[in-house]
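Data block below; observations after.
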Amino acid sequence: MSERASEPSGLGERASEPSALRERAGEPSGLGERASEPSGGRALLEIRDLVAGYGVAQVLHGVSLEVGRGETVAVLGPNGAGKSTLLRAIFQTCRVQGGSITMDGQDVRAVADYQVATLGIAHVPEGRGLFPELTVTQNLVLGGLKFGSRAVIGERIERVVETFPRLKDRRQQVVGTMSGGEQQMVAIGRALMSEPRVLLLDEPSLGLAPQVVETIFAELRSLAASDAGLSVLIVEQRVQEALDMCSRGYVMQGGEIVFSGTTETLRGDAAMTSAFFGDTVPAEGER
Ligand SMILES: Nc1ncnc2c1ncn2[C@@H]1O[C@H](COP(=O)(O)OP(=O)(O)O)[C@@H](O)[C@H]1O
Ligand SMILES: [Mg+2]
């Protein structure tokens, strides 16, 4: 496990020891020292030494990561690693206790939690968070309410159903009567209603049948490819599918980043794969 730490390339480098991370919390973070940097200079979303949790419980113990413009980045790791908490912390829906979150140079922690979406961040939460008794259109409208007039919202709905053609003829369908895959499309569509620049996706494949998982990932890959400006931070337990749509990834365990690198490095690291996912990736059809 530890041999890789001395590799000079910076790819596949182990993150600092947890204690070291905590000690560094007060220091300014040097741009040059990171394990893997997105290309194109300053990242769109920058997270430094993030400490977050629920009430007095601390779940994230100093997490640093970044997402470049147009980049799709994976966050992998076993159950309970803190992946969902990380996305909630970015979207300000759990308690952020320390560190910094910067979106295009703006301090996310300085805005009210209900205003985070206006910075260009959208969150598709674990479990989707839809209103099952409302129709597809009503759910989509709720995702766009803050962002414009009726006409603008109407245009955005059109764009969402172009992105997810399966929703086109189902706009008046009550969401609770739809399949899991279709509901996931509504959840992603609702997030797109705010025209985000960073999309935070929490386990979009959770609870879906294998062939539906394929459909969702195909839709996500084409979404990322069709909008070159859209950045995606995706949390997944389906490692292969997530790596297929990403150029880089981070591995979390125990509320810390324990590994980061290119998808090639992550794919190739058998020790990492078995250590973190050997027993946690459900077999096909298990979900
Ligand atoms: N709402 C909550 N209140 C208190 N503790 C929570 C809450 N949600 C998650 N946790 C705890 O935070 C830790 C990380 O959970 P989570 O971020 O959901 O992990 P992951 O998404 O990687 O499975 C777990 O120990 C979990 O029990
Ligand atoms: Mg989770």
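If you're wondering about the labels, chains in the structure tokens are A, B, ... by order shown, residues count from 1 in each chain, ligands from 1 in order shown.
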- Could you give me the residues within 12 Å of ligand 1, counting only C-alpha atoms and all ligand atoms, as number ranges by chain? A: 52-61, 75-89, 93-95, 125-127, 201-203, 206, 234-237, 251-257, 276, 280
Using C-alpha atoms, can you export the residues from the last selection as a tab-separated table (two decimals), in the first residue's frame?
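In the end it all went to result-v4.tsv:
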```
chain	number	residue	atom	x	y	z
A	52	ALA	CA	-17.62	18.96	7.92
A	53	GLY	CA	-20.22	16.79	9.57
A	54	TYR	CA	-23.51	16.78	11.42
A	55	GLY	CA	-24.01	18.64	14.67
A	56	VAL	CA	-20.89	17.97	16.70
A	57	ALA	CA	-20.01	14.83	14.72
A	58	GLN	CA	-17.08	15.40	12.40
A	59	VAL	CA	-17.18	13.26	9.24
A	60	LEU	CA	-14.74	14.99	6.86
A	61	HIS	CA	-11.31	15.50	8.43
A	75	VAL	CA	-15.01	10.39	-5.93
A	76	LEU	CA	-14.81	6.73	-5.06
A	77	GLY	CA	-14.73	4.87	-1.80
A	78	PRO	CA	-16.57	2.40	0.38
A	79	ASN	CA	-19.83	2.94	2.20
A	80	GLY	CA	-19.55	5.44	5.01
A	81	ALA	CA	-16.38	7.03	3.63
A	82	GLY	CA	-18.00	10.47	3.64
A	83	LYS	CA	-18.67	10.85	-0.08
A	84	SER	CA	-22.25	12.06	0.32
A	85	THR	CA	-21.18	14.31	3.16
A	86	LEU	CA	-18.57	15.87	0.87
A	87	LEU	CA	-21.18	16.75	-1.75
A	88	ARG	CA	-23.56	18.03	0.94
A	89	ALA	CA	-20.79	20.17	2.39
A	93	THR	CA	-26.60	21.12	3.29
A	94	CYS	CA	-24.56	19.75	6.17
A	95	ARG	CA	-22.46	21.55	8.75
A	125	PRO	CA	-28.57	14.12	-3.84
A	126	GLU	CA	-28.36	10.49	-2.85
A	127	GLY	CA	-31.88	9.09	-3.20
A	201	LEU	CA	-23.88	13.71	-8.66
A	202	ASP	CA	-24.39	11.37	-5.72
A	203	GLU	CA	-24.51	7.71	-6.80
A	206	LEU	CA	-27.95	3.48	-6.77
A	234	ILE	CA	-19.54	12.23	-9.43
A	235	VAL	CA	-19.68	9.99	-6.37
A	236	GLU	CA	-20.06	6.33	-7.28
A	237	GLN	CA	-19.61	2.85	-5.94
A	251	VAL	CA	-10.55	7.80	-3.31
A	252	MET	CA	-12.03	8.55	0.09
A	253	GLN	CA	-11.90	6.47	3.22
A	254	GLY	CA	-12.74	7.46	6.76
A	255	GLY	CA	-13.54	11.03	5.81
A	256	GLU	CA	-10.20	11.61	4.09
A	257	ILE	CA	-8.79	11.49	0.58
A	276	PHE	CA	-11.35	-0.20	-1.14
A	280	THR	CA	-18.09	-3.29	-1.50
```
- Task: Enumerate, as a ChimeraX atom specification, the complete set of residues in stretch 27-183 of chain A that a backbone-based DSSP assignment places in helix (DSSP H, G or I).
- Result: /A:31-33,83-90,108-110,113-119,136-147,150-163,165-170,175-177,180-183
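Here the question is which of A:Val174, A:Leu119, A:Val258, A:Val124 gets nearest to ligand 2 using only C-alpha atoms and all ligand atoms, and that residue is A:Val124.
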- Message: Calculated over only C-alpha atoms, which of the candidates A:Gln138, A:Thr215, A:Ser149, A:Thr262 has the smallest distance to A:Arg166?
- Response: A:Thr215
- Write out as a PyMOL selection string the residues lying within 10 Å of A:Thr118, counting only C-alpha atoms and excluding same-chain residues fewer than 4 positions away. chain A and resi 111+114+122+146-147+194-196
Dump of N, CA and C atoms for the selected residues, as a compact mmCIF listing (two decimals), in the first residue's frame:
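Everything below was put into out-v2.txt:
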```txt
# COMPACT_ATOMS: atom_id res chain seq x y z
N VAL A 111 -21.93 32.54 1.21
CA VAL A 111 -23.31 32.77 0.77
C VAL A 111 -24.26 31.91 1.60
N TYR A 114 -29.24 28.57 0.81
CA TYR A 114 -30.23 28.53 -0.28
C TYR A 114 -29.75 29.28 -1.53
N ALA A 122 -24.95 22.67 -8.77
CA ALA A 122 -26.20 21.93 -8.60
C ALA A 122 -25.88 20.57 -8.00
N LYS A 146 -35.74 29.74 -9.13
CA LYS A 146 -34.91 30.91 -8.78
C LYS A 146 -34.35 31.61 -10.01
N PHE A 147 -34.42 30.95 -11.16
CA PHE A 147 -33.53 31.35 -12.24
C PHE A 147 -34.19 32.05 -13.41
N SER A 194 -31.02 24.73 -13.27
CA SER A 194 -30.33 25.94 -12.80
C SER A 194 -29.15 26.27 -13.71
N GLU A 195 -29.01 25.53 -14.80
CA GLU A 195 -27.87 25.70 -15.72
C GLU A 195 -26.55 25.81 -14.97
N PRO A 196 -26.23 24.76 -14.24
CA PRO A 196 -25.03 24.80 -13.41
C PRO A 196 -23.74 24.72 -14.23
```
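With only C-alpha atoms and all ligand atoms as the basis for measurement, A:Pro204 is the residue among A:Gly99, A:Arg42, A:Pro204, A:Val152 that approaches ligand 2 most closely.
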- Task: Within 12 Å of stretch 158-161 of chain A, counting only C-alpha atoms, which residues show up once you throw out same-chain ones fewer than 5 positions away? Write them as an MDAnalysis selection string, please.
- Result: chainID A and resid 136:137 139:141 143:144 151:153 166:171 182 185:195 219 223 227
- Message: Need the shell around A:Val198: protein/DNA/RNA residues with any atom at most 12 Å away, counting only C-alpha atoms. Skip same-chain ones fewer than 4 positions apart. Format as a count of residues only?
- Response: 39
